[in-house]
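See structure below.
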Amino acid sequence: MNKTVTAIRKAHTVVAFDAATATHVYMHDADVAFDETGIVHVGGNYDGPAANEISGRNRMVMPGLVNVHCHSGDEPVAKGIFDDQGTQALWGNALYEYSALLDIDDTSLEAALTVMVGDLMRSGVTTLLDIAAPHAKWLPTLAKSGARAYVAPGFREAQWRVVDSHRLDFNWDKARGRDAFARALELVDEARAHACGRLGGIVAPSQIETCSPELLIDATQEAHKRGIPITIHAAQTMTEHEELLRRTGLTAVQYMERLGILGPNLIIGHCIFVDSHSWTRQRTDLDLKLLAERKATVAHCPVTFSRSGMTLESVGRYRRNGVNVALGTDSYPFNMLEEMRRALICSRVAGKSVFDIDTAGILEVATLAGAKALGRGDLGRIAKGAKADFSLIDLNHHTMQPVYDPLRNLIHCAAERAVEAVYVDGARVVEGGRPTLLDYDGAVAALKDAQAYCCRKAEANDPQRRKIAALAPKSLPVASGSRVL
C-alpha cells in the first residue's frame, strides 16, 4: 500500500520526545513528517518524499493528550445544574445524592457522546478512555469521530441509595451485576476487534464499594487474560473511604492489595483519599508506597473534585513517591488543557509550594503517564515510530502572545482557543477549532432538549420528590416580574 507522507516544515517549536532521557524537549525550526502509519521523521530538514506540506511558521507541534478517565452518558447534560450542591453529611460531595437524579433518554446518548468527544479533541486529546453504560451508538460514534478511544463498560452489583440526605446505603443485586459484567466483556472484545483499528476495551468494575471482592478479583483476571488494563473508582470520596474502613478496616489501596488486584495494569479513578490525606483519620503513609511498588496508575481529575472543595494531596508528592499519575477530565467541561491548568494549580496549593510540580511535569502527566497506563509506548510523544497523534498550536493567537515559553502560554492562558488542528493516525480530526467528522452543532442542539428532559424528570427520580428549583437553585434570584425559564 502506498503511504501518503505529509511534512510540517520549519515548525517554530516541536515538543519532541528525547528517548535518551524519556522526557519531552523543545526543538525549534524543526520538520515533522508523518503518514497514516505514524511519524517518520522529527528534527532537521526532511528530504524524503512528501505528497503534502504544512508550514510550521508560528506553529507548535505538540503530542496528542491522553485522557485516561472520562464519562459520556448523562455527564454532558449535567452542566450548570448541581455545581453549587452537595450532601453536607457526606463531606459535601454531590455524587451520591444528585448524580442519580439525571436520567438521559436513549435518543440523546449519541449527542452527549458527540459533544464530549468533540470538546476533548478540540482541547488536544487524541486518546480517551470513556467509562459509561453500553449503548448502541457508543462504538459507531467513537469510530466516526476519528479519535483513538477505549471503551470501559461499567458494571456493579450495588446501587447507591441516599437516605434523608444524610446516610449512604447500598441496594445489592449480585445476579444483575454478573449479567452486566458478562455484557461488558462482550463489548470490550467487540471494541478491540473493530475494523477502524482505533478502538480498544478496558475492564471497568464501576466503584470499589459497589462490587463484591469476588467480582473485583474475577474482573482483574479477565483483564489479565486479555492483556488489557482494568479501571476502578477507588479512594474517590471520604464516604467511600469510611465505608471501606467499616467493612474491612482498610483503605481502598490496602484493600486492593489484600485482594491481589493492585498491579501495573490497574488504573485507579481519582485515588484522592489515601491514608496520608489530611481529611482521613489515618496518620500513616503506606498507600503511596504500595501504589509505587505495584506500579498502579492514578487517574487524576482535578476540575470535578475541586468544584466540591476536594483535591489530591498532591500530584507532585505522588510523583516524588514514584506513583504514575495520569490525567482525566471525568465530567464537564471536557477540556484537557483546563484540566492540566487546574491540576498544576491545585497541586501547588495542596503541596504548599510553587515547586510542587512544574509545567513539564503536568505535560508528562497528560501524555507519557497516560500512554504508560494504557501500555502504549507509541502514544503521547512526537518521535519517529510513534503514532501520528498530535496538535498544531497557533502561536500567533492573541492569547499566546508574546511567546517566551509556548507551553506555559498554552496551559496558563490560551487553552483550547489556540488549538488550530488535531491529528489522529495522520488524519485531521479538528480543523479551525472544530471537529471535522462529527455533527457537533447538531449534537449541542440535541443536548438542550436532553437537559430540559432531565430537569423535568429529576423530581420523579428524587426520593424526597423535590422539584428541580429546590434541588438546584439558580445562581441568582429571578427578578420580580421576569419570566421564569
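Naming scheme: A, B, ... for chains in displayed order of the C-alpha cells; residues 1 onward per chain; ligands 1 onward as shown.
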
With a distance cut-off of 12 Å and only C-alpha atoms, select the neighbouring residues of Tyr453 of chain A, excluding the residue or stretch itself and same-chain residues fewer than 2 positions from it, and output the selection as a PyMOL selection string. chain A and resi 74+77-78+101-108+446-451+455-460+468

Extract, using only C-alpha atoms, all DNA, RNA and protein residues at most 10 Å from Leu139 of chain A, discarding same-chain residues fewer than 2 positions from it, and format them as a ChimeraX atom specification. /A:134-137,141-145,149-151,187,190-191,194,199-200

Residues of segment 369-396 of chain A that have any atom at most 8 Å from an atom of segment 410-419 of chain A: could you tabulate them with the shortest-distance atom pair and the distance in Å to one decimal, using only C-alpha atoms, ordered by chain and increasing number, as a Markdown table?
```
| residue | atom | partner | partner_atom | distance |
| --- | --- | --- | --- | --- |
| A:Ser391 | CA | A:Val419 | CA | 6.9 |
| A:Leu392 | CA | A:Val419 | CA | 6.2 |
| A:Ile393 | CA | A:Val419 | CA | 4.7 |
| A:Asp394 | CA | A:Ala418 | CA | 5.3 |
| A:Leu395 | CA | A:Ala418 | CA | 7.2 |
```

Hey, what does DSSP flag as strand (DSSP E) within segment 244-372 of chain A? Can you give it to me as a ChimeraX atom specification? /A:266-270,297-300,324-327

Please write the residues from the selection above to a file, keeping N, CA and C atoms, as a PDB file, in the first residue's frame.
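Full text of selection_16.pdb as output:
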```pdb
ATOM      1  N   LEU A 266      -3.571  -1.722  36.452  1.00  0.00           N
ATOM      2  CA  LEU A 266      -4.697  -1.100  37.152  1.00  0.00           C
ATOM      3  C   LEU A 266      -4.626   0.423  37.048  1.00  0.00           C
ATOM      4  N   ILE A 267      -5.728   1.023  36.571  1.00  0.00           N
ATOM      5  CA  ILE A 267      -5.893   2.477  36.553  1.00  0.00           C
ATOM      6  C   ILE A 267      -6.943   2.817  37.607  1.00  0.00           C
ATOM      7  N   ILE A 268      -6.530   3.531  38.652  1.00  0.00           N
ATOM      8  CA  ILE A 268      -7.421   3.846  39.764  1.00  0.00           C
ATOM      9  C   ILE A 268      -8.029   5.220  39.542  1.00  0.00           C
ATOM     10  N   GLY A 269      -9.353   5.256  39.389  1.00  0.00           N
ATOM     11  CA  GLY A 269     -10.042   6.517  39.221  1.00  0.00           C
ATOM     12  C   GLY A 269      -9.981   7.347  40.485  1.00  0.00           C
ATOM     13  N   HIS A 270      -9.219   8.444  40.431  1.00  0.00           N
ATOM     14  CA  HIS A 270      -9.148   9.512  41.431  1.00  0.00           C
ATOM     15  C   HIS A 270      -8.135   9.239  42.551  1.00  0.00           C
ATOM     16  N   THR A 297      -1.550   2.925  38.308  1.00  0.00           N
ATOM     17  CA  THR A 297      -1.705   4.301  37.833  1.00  0.00           C
ATOM     18  C   THR A 297      -2.865   4.975  38.543  1.00  0.00           C
ATOM     19  N   VAL A 298      -2.698   6.238  38.878  1.00  0.00           N
ATOM     20  CA  VAL A 298      -3.769   7.075  39.407  1.00  0.00           C
ATOM     21  C   VAL A 298      -4.283   7.960  38.280  1.00  0.00           C
ATOM     22  N   ALA A 299      -5.592   7.917  38.035  1.00  0.00           N
ATOM     23  CA  ALA A 299      -6.234   8.793  37.050  1.00  0.00           C
ATOM     24  C   ALA A 299      -6.749  10.022  37.785  1.00  0.00           C
ATOM     25  N   HIS A 300      -6.031  11.129  37.657  1.00  0.00           N
ATOM     26  CA  HIS A 300      -6.320  12.351  38.402  1.00  0.00           C
ATOM     27  C   HIS A 300      -7.242  13.251  37.592  1.00  0.00           C
ATOM     28  N   ASN A 324       2.743   6.547  39.253  1.00  0.00           N
ATOM     29  CA  ASN A 324       2.409   7.010  37.907  1.00  0.00           C
ATOM     30  C   ASN A 324       1.060   7.722  37.944  1.00  0.00           C
ATOM     31  N   VAL A 325       1.080   9.046  37.856  1.00  0.00           N
ATOM     32  CA  VAL A 325      -0.148   9.843  37.852  1.00  0.00           C
ATOM     33  C   VAL A 325      -0.434  10.279  36.426  1.00  0.00           C
ATOM     34  N   ALA A 326      -1.595   9.865  35.915  1.00  0.00           N
ATOM     35  CA  ALA A 326      -2.061  10.287  34.598  1.00  0.00           C
ATOM     36  C   ALA A 326      -3.258  11.210  34.785  1.00  0.00           C
ATOM     37  N   LEU A 327      -3.799  11.725  33.698  1.00  0.00           N
ATOM     38  CA  LEU A 327      -4.831  12.752  33.792  1.00  0.00           C
ATOM     39  C   LEU A 327      -6.104  12.339  33.081  1.00  0.00           C
TER      40      LEU A 327
END
```

Leaving out segment 84-90 of chain A and any residue of its chain fewer than 3 positions from it, which residues lie within 6 Å of it when counting only C-alpha atoms, given as a ChimeraX atom specification? /A:93-94,166,239

Which of segment 48-272 of chain A counts as helix (DSSP H, G or I) under DSSP, as number ranges by chain please? A: 75-78, 88-90, 95-101, 106-122, 138-145, 174-192, 208-210, 213-226, 238-248, 252-259

Env of segment 34-45 of chain A: 12 Å cut, atoms = only C-alpha atoms, seq-sep filter 5 positions within chain, self excluded. Answer as a ChimeraX atom specification. /A:1-18,25-29,50-54,61,63,197-198,378-379,381-390,423-428

Sort by chain and increasing residue number a table of all residues of segment 209-276 of chain A within 9 Å of segment 309-321 of chain A, each with its closest pair of atoms and their distance in Å to one decimal, counting only C-alpha atoms, and write it as JSON lines.
```
{"residue": "A:Thr237", "atom": "CA", "partner": "A:Met310", "partner_atom": "CA", "distance": 8.8}
{"residue": "A:His270", "atom": "CA", "partner": "A:Leu312", "partner_atom": "CA", "distance": 8.0}
{"residue": "A:Cys271", "atom": "CA", "partner": "A:Leu312", "partner_atom": "CA", "distance": 7.7}
{"residue": "A:Ile272", "atom": "CA", "partner": "A:Leu312", "partner_atom": "CA", "distance": 4.7}
{"residue": "A:Phe273", "atom": "CA", "partner": "A:Leu312", "partner_atom": "CA", "distance": 7.4}
{"residue": "A:Ser276", "atom": "CA", "partner": "A:Glu313", "partner_atom": "CA", "distance": 8.5}
```

Include C-alpha atoms and write out the residues we just selected as a PDB file, in the first residue's frame.
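The resulting file, out22.pdb, is shown below:
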```pdb
ATOM      1  CA  THR A 237     -14.598  10.163  48.284  1.00  0.00           C
ATOM      2  CA  HIS A 270      -9.148   9.512  41.431  1.00  0.00           C
ATOM      3  CA  CYS A 271      -7.345   7.842  44.379  1.00  0.00           C
ATOM      4  CA  ILE A 272      -7.554  11.041  46.432  1.00  0.00           C
ATOM      5  CA  PHE A 273      -8.278   9.778  49.926  1.00  0.00           C
ATOM      6  CA  SER A 276      -1.919  10.204  54.368  1.00  0.00           C
TER       7      SER A 276
END
```
